[in-house]
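> Sharing structure_18.txt here; it has compact mmCIF, C-alpha atoms.
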```
# COMPACT_ATOMS: atom_id res chain seq x y z
CA MET C 11 169.92 288.37 -15.40
CA ASN C 12 168.47 286.85 -18.51
CA ARG C 13 168.72 283.45 -16.89
CA PHE C 14 166.89 284.76 -13.79
CA TRP C 15 163.89 285.90 -15.83
CA LYS C 16 163.77 282.64 -17.70
CA TRP C 17 163.58 280.72 -14.43
CA THR C 18 161.05 283.12 -12.98
CA GLY C 19 158.86 282.83 -16.06
CA GLY C 20 159.20 279.07 -16.06
CA VAL C 21 158.23 278.76 -12.40
CA LEU C 22 155.27 281.10 -12.79
CA GLY C 23 154.12 279.20 -15.86
CA ALA C 24 154.41 275.91 -14.03
CA LEU C 25 152.43 277.34 -11.11
CA LEU C 26 149.70 278.54 -13.47
CA VAL C 27 149.46 275.16 -15.14
CA ALA C 28 149.35 273.43 -11.74
CA ALA C 29 146.65 275.82 -10.50
CA PHE C 30 144.61 275.23 -13.64
CA ALA C 31 144.99 271.47 -13.24
CA VAL C 32 143.89 271.60 -9.61
CA LEU C 33 140.91 273.82 -10.46
CA SER C 34 139.97 271.48 -13.31
CA TYR C 35 140.05 268.57 -10.91
CA ILE C 36 137.94 270.40 -8.33
CA ALA C 37 135.45 271.79 -10.83
CA GLY C 38 135.26 268.64 -12.94
CA SER C 39 136.81 269.72 -16.25
CA PRO C 40 138.65 272.65 -17.88
CA LYS C 41 135.31 273.87 -19.21
CA ASP C 42 133.98 273.97 -15.67
CA VAL C 43 136.94 276.12 -14.62
CA TYR C 44 135.86 278.67 -17.20
CA GLY C 45 132.27 278.47 -15.94
CA MET C 46 133.37 278.87 -12.35
CA VAL C 47 135.59 281.87 -13.08
CA ARG C 48 133.17 283.51 -15.51
CA TYR C 49 129.85 282.91 -13.76
CA ALA C 50 130.32 281.77 -10.19
CA LEU C 51 133.16 283.73 -8.65
CA PRO C 52 131.69 287.17 -9.46
CA HIS C 53 128.53 286.28 -7.55
CA MET C 54 129.99 284.46 -4.58
CA HIS C 55 130.49 286.74 -1.63
CA ARG C 56 131.14 285.90 1.97
CA GLY C 57 129.18 288.99 2.94
CA THR C 58 129.40 291.34 5.86
CA LEU C 59 126.47 290.09 7.90
CA LYS C 60 127.42 288.64 11.24
CA VAL C 61 125.57 286.94 14.02
CA GLY C 62 123.91 289.76 15.95
CA SER C 63 123.59 292.04 12.90
CA ASP C 64 120.18 293.48 12.11
CA ALA C 65 118.64 291.26 9.46
CA PRO C 66 118.32 293.22 6.22
CA ASP C 67 114.85 293.68 4.85
CA ALA C 68 113.96 292.82 1.27
CA ARG C 69 110.80 292.87 -0.79
CA ILE C 70 109.92 289.36 -1.84
CA VAL C 71 107.57 288.12 -4.54
CA ALA C 72 105.14 285.37 -3.66
CA LEU C 73 104.67 282.32 -5.86
CA ASP C 74 101.52 283.76 -7.40
CA GLY C 75 103.64 286.53 -8.87
CA VAL C 76 101.20 289.16 -7.67
CA SER C 77 101.60 289.33 -3.91
CA ARG C 78 104.63 290.97 -2.38
CA PHE C 79 105.82 290.89 1.20
CA HIS C 80 108.73 292.16 3.21
CA LEU C 81 110.98 289.82 5.11
CA ARG C 82 110.55 292.06 8.12
CA GLU C 83 106.85 291.22 8.17
CA ARG C 84 107.74 287.59 8.84
CA THR C 85 110.01 288.15 11.84
CA HIS C 86 109.41 289.16 15.47
CA GLU C 87 106.79 286.55 16.30
CA ARG C 88 109.12 283.57 16.00
CA PRO C 89 112.46 282.72 14.38
CA LEU C 90 112.58 282.87 10.63
CA VAL C 91 114.73 280.35 8.75
CA LEU C 92 115.79 281.64 5.35
CA VAL C 93 116.93 279.02 2.87
CA PHE C 94 118.27 280.57 -0.31
CA GLY C 95 118.76 278.52 -3.43
CA SER C 96 117.73 277.83 -7.00
CA PHE C 97 116.59 274.85 -9.05
CA THR C 98 119.71 274.08 -11.08
CA MET L 23 113.87 281.79 -1.19
CA TYR L 24 114.44 281.51 -4.90
CA VAL L 25 117.47 283.44 -6.20
CA ARG L 26 119.42 283.48 -9.48
CA GLU L 27 119.99 280.09 -11.02
CA ALA L 28 123.35 278.54 -10.18
CA HIS L 29 123.86 276.31 -13.20
CA PRO L 30 121.60 277.43 -16.04
CA THR L 31 121.98 276.10 -19.56
CA ASP L 32 123.29 279.43 -20.88
CA GLU L 33 125.94 279.86 -18.21
CA TRP L 34 127.79 277.24 -16.19
CA GLN L 35 125.73 274.16 -16.70
CA MET L 36 126.91 271.10 -14.82
CA LYS L 37 127.04 267.64 -16.35
CA SER L 38 125.06 266.42 -13.36
CA ASN L 39 122.13 268.56 -14.51
CA LEU L 40 122.07 266.72 -17.80
CA LYS L 41 122.19 263.36 -16.08
CA ASP L 42 119.56 264.34 -13.54
CA LYS L 43 116.55 262.14 -13.96
CA ASP L 44 114.37 265.12 -13.14
CA ASP L 45 115.79 267.05 -16.10
CA VAL L 46 116.71 270.27 -14.34
CA CYS L 47 117.74 272.34 -17.36
CA TYR L 48 116.80 276.00 -17.42
CA ALA L 49 118.31 279.12 -18.89
CA GLN L 50 119.00 282.02 -16.54
CA PRO L 51 115.69 283.88 -16.15
CA LYS L 52 115.72 287.27 -17.83
CA ASN L 53 112.49 288.49 -16.26
CA LEU L 54 110.29 287.85 -13.25
CA GLU L 55 107.83 285.74 -15.21
CA GLN L 56 110.59 283.27 -16.03
CA ARG L 57 111.68 283.14 -12.40
CA LEU L 58 108.10 282.52 -11.35
CA ALA L 59 107.76 279.70 -13.86
CA ILE L 60 110.87 277.91 -12.59
CA ALA L 61 109.96 278.46 -8.95
CA ASN L 62 106.47 277.11 -9.52
CA ASP L 63 107.83 274.13 -11.40
CA PHE L 64 110.14 273.39 -8.49
CA THR L 65 107.47 273.65 -5.81
CA LYS L 66 104.99 271.57 -7.78
CA ARG L 67 107.45 268.94 -8.90
CA PHE L 68 108.79 268.35 -5.41
CA LYS L 69 105.57 269.19 -3.55
CA TYR L 70 107.57 271.72 -1.57
CA PRO L 71 105.71 272.14 1.70
CA LEU L 72 107.27 275.33 3.08
CA PRO L 73 106.47 279.01 2.50
CA PHE L 74 108.26 280.09 -0.64
CA GLY L 75 109.40 283.50 -1.83
CA ILE L 76 111.15 284.76 -4.94
CA ASP L 77 113.86 287.40 -5.08
CA ASP L 78 112.88 290.01 -7.64
CA MET L 79 115.01 290.92 -10.65
CA SER L 80 116.96 293.50 -8.66
CA ASN L 81 118.37 290.58 -6.65
CA ALA L 82 117.91 292.64 -3.51
CA ALA L 83 117.66 289.71 -1.11
CA GLU L 84 120.56 287.90 -2.74
CA SER L 85 122.75 290.98 -2.41
CA ALA L 86 121.71 291.80 1.13
CA TYR L 87 122.37 288.28 2.35
CA SER L 88 125.21 287.30 -0.01
CA ALA L 89 122.97 284.36 -0.69
CA TRP L 90 124.11 283.02 -4.07
CA PRO L 91 124.21 280.16 -4.86
CA GLU L 92 122.70 278.85 -1.65
CA ARG L 93 122.81 279.79 1.97
CA ILE L 94 120.89 279.50 5.21
CA TYR L 95 120.20 282.16 7.82
CA ILE L 96 118.12 282.16 10.96
CA ILE L 97 116.64 285.45 12.11
CA ASP L 98 115.58 285.52 15.72
CA GLU L 99 112.54 287.17 17.26
CA SER L 100 114.40 290.44 17.72
CA GLY L 101 115.06 290.69 13.99
CA ARG L 102 118.76 289.95 14.26
CA ILE L 103 120.86 287.33 12.55
CA ALA L 104 121.04 284.39 14.94
CA TYR L 105 122.68 281.91 12.61
CA ARG L 106 124.66 282.52 9.44
CA GLY L 107 125.40 279.51 7.32
CA GLY L 108 128.39 279.26 5.05
CA MET L 109 128.43 279.82 1.30
CA GLY L 110 127.07 276.96 -0.71
CA PRO L 111 127.56 274.46 -2.04
CA PHE L 112 130.56 273.38 0.00
CA ASN L 113 129.54 275.09 3.21
CA TYR L 114 125.80 274.69 2.79
CA LYS L 115 125.02 272.65 5.89
CA PRO L 116 121.36 272.33 6.86
CA GLU L 117 122.46 270.14 9.76
CA GLU L 118 124.05 273.14 11.39
CA ALA L 119 120.83 275.12 11.24
CA ARG L 120 118.88 272.13 12.50
CA GLU L 121 121.30 271.71 15.40
CA TRP L 122 121.01 275.40 16.21
CA LEU L 123 117.22 275.22 16.27
CA SER L 124 117.28 272.04 18.33
CA ALA L 125 119.62 273.58 20.89
CA ARG L 126 117.47 276.68 21.11
CA TYR L 127 113.96 275.23 20.96
CA GLY L 128 114.35 271.51 21.50
CA ALA L 129 114.74 268.65 19.08
CA VAL L 130 112.01 268.04 16.55
CA LYS L 131 111.26 264.50 15.52
CA ARG L 132 111.68 264.05 11.81
CA GLU L 133 110.40 261.15 9.80
CA ALA L 134 112.81 259.67 7.30
CA PRO L 135 111.96 260.75 3.75
CA LYS L 136 109.80 258.17 2.04
CA THR L 137 110.52 259.16 -1.54
CA PRO L 138 113.33 260.95 -3.37
CA ALA L 139 110.94 263.86 -3.88
CA ASP L 140 110.48 264.15 -0.14
CA ALA L 141 114.21 264.10 0.35
CA ALA L 142 114.65 266.82 -2.25
CA THR L 143 112.72 269.27 -0.13
CA THR L 144 115.67 269.55 2.20
CA SER L 145 117.84 271.16 -0.46
CA THR L 146 116.91 273.45 -3.29
CA SER L 147 120.05 272.85 -5.28
CA GLY L 148 120.41 269.14 -5.42
CA ALA L 149 123.72 269.36 -3.56
CA ALA L 150 124.87 266.22 -1.86
CA ALA L 151 123.91 265.93 1.77
CA PRO L 152 126.76 267.35 3.79
CA THR L 153 128.38 265.55 6.66
CA PRO L 154 127.17 266.82 10.02
CA VAL L 155 129.70 269.06 11.64
CA ALA L 156 129.88 271.23 14.69
CA PRO L 157 127.91 274.43 14.16
CA SER L 158 129.99 277.45 13.19
CA THR L 159 127.57 279.64 15.07
CA PRO L 160 127.23 278.66 18.70
CA ALA L 161 123.64 278.02 19.59
CA PRO L 162 122.33 279.87 22.60
CA ALA L 163 121.25 278.00 25.65
CA ALA L 164 117.67 276.83 25.67
CA PRO L 165 115.39 279.24 27.46
CA ALA L 166 114.81 278.52 31.11
CA LYS L 167 111.53 276.81 31.79
```
Would you encode the structure as structure tokens?

Amino acid sequence: MNRFWKWTGGVLGALLVAAFAVLSYIAGSPKDVYGMVRYALPHMHRGTLKVGSDAPDARIVALDGVSRFHLRERTHERPLVLVFGSFT
Amino acid sequence: MYVREAHPTDEWQMKSNLKDKDDVCYAQPKNLEQRLAIANDFTKRFKYPLPFGIDDMSNAAESAYSAWPERIYIIDESGRIAYRGGMGPFNYKPEEAREWLSARYGAVKREAPKTPADAATTSTSGAAAPTPVAPSTPAPAAPAK
């Protein structure tokens, strides 16, 4: 039994190390793995919206910082392409 | 649509940001004024020609559309989702949206970008241009004429 747990622990440890190595390779470095797990994964969601779903409305701030508009105000006349992103 | 920064200096900053000749190094905005400053810097620096909006500090649009770090949607005239792009950066594929629009409304002639700044207007994150692939959302047939 003792030998079984040793093997199980060894295999799990090896898998963890391999997973960390693969993630480091994908992300760029071990530090990037931390960044990805700490800052990216909590915010990345596939979401529940599907093609055919009603488009959610949201109140958006214009570049002047004063004006506000609703996404819904920009639909209905023609298709609206929404491109979400940031600078960094 | 400007949403939370993806790689700010105080979170997960990428080495590529440091090497970027345009010096894209910002901390995560803590208030709307800081978001406005970054968004305005972006639009001015790249002469961004399209209508631009900013998600407020409640991140309502980001949450509703699961939009972080980058994503594309097309809403049709009936107010429904007509195209849902994949999660960026790996599944951020402007070509898919362009193909959808072309299939629905006809191809639009595009001039090749003349400067890097022009090219940058096609992506707000600096992600590498993805390889064109078949759209994940089938485009509807063009309307009968």
> Name all residues at most 8 Å from segment 80-85 of chain L (count only C-alpha atoms; drop same-chain ones fewer than 3 positions away) and give them as a compact mmCIF listing (two decimals) with C-alpha atoms, in the coordinates of the input.

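Generated file (part_35.txt):
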```txt
# COMPACT_ATOMS: atom_id res chain seq x y z
CA ASP C 67 114.85 293.68 4.85
CA ALA C 68 113.96 292.82 1.27
CA ARG C 69 110.80 292.87 -0.79
CA ILE C 70 109.92 289.36 -1.84
CA VAL L 25 117.47 283.44 -6.20
CA ARG L 26 119.42 283.48 -9.48
CA ASP L 77 113.86 287.40 -5.08
CA SER L 88 125.21 287.30 -0.01
CA ALA L 89 122.97 284.36 -0.69
CA TRP L 90 124.11 283.02 -4.07
```
> Which residues of chain C are close to chain L, meaning at most 6 Å apart when you count only C-alpha atoms, and how do they look as a list in words?
Gly45, His55, Gly57, Val61, Gly62, Ser63, Asp64, Ala65, Ala68, Ile70, Val71, Ala72, His86, Glu87, Arg88, Pro89, Leu90, Val91, Leu92, Val93, Phe94, Gly95, Ser96, Phe97 and Thr98 of chain C
> Rounded to one decimal, what separation in Å do you get between atom CA of Ala31 of chain C and atom CA of Tyr49 of chain C?
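Spanning atom CA of Ala31 of chain C to atom CA of Tyr49 of chain C is a straight-line distance of 19.0 Å.
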> Atom CA of Asp42 of chain C to atom CA of Leu40 of chain L: how many Å, to one decimal?
14.1 Å
> Find the smallest box with edges along x, y and z containing every listed atom of segment 73-92 of chain C, then add 6 Å on each side and report centre and edge lengths in Å to one decimal, as AutoDock Vina command-line options.

```
--center_x 108.5 --center_y 286.3 --center_z 3.7 --size_x 26.6 --size_y 23.8 --size_z 37.2
```
> Could you check how far atom CA of Met46 of chain C sits from atom CA of Ser34 of chain C, in Å to one decimal?
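Taking atom CA of Met46 of chain C as the start and atom CA of Ser34 of chain C as the end point, the length is 10.0 Å.
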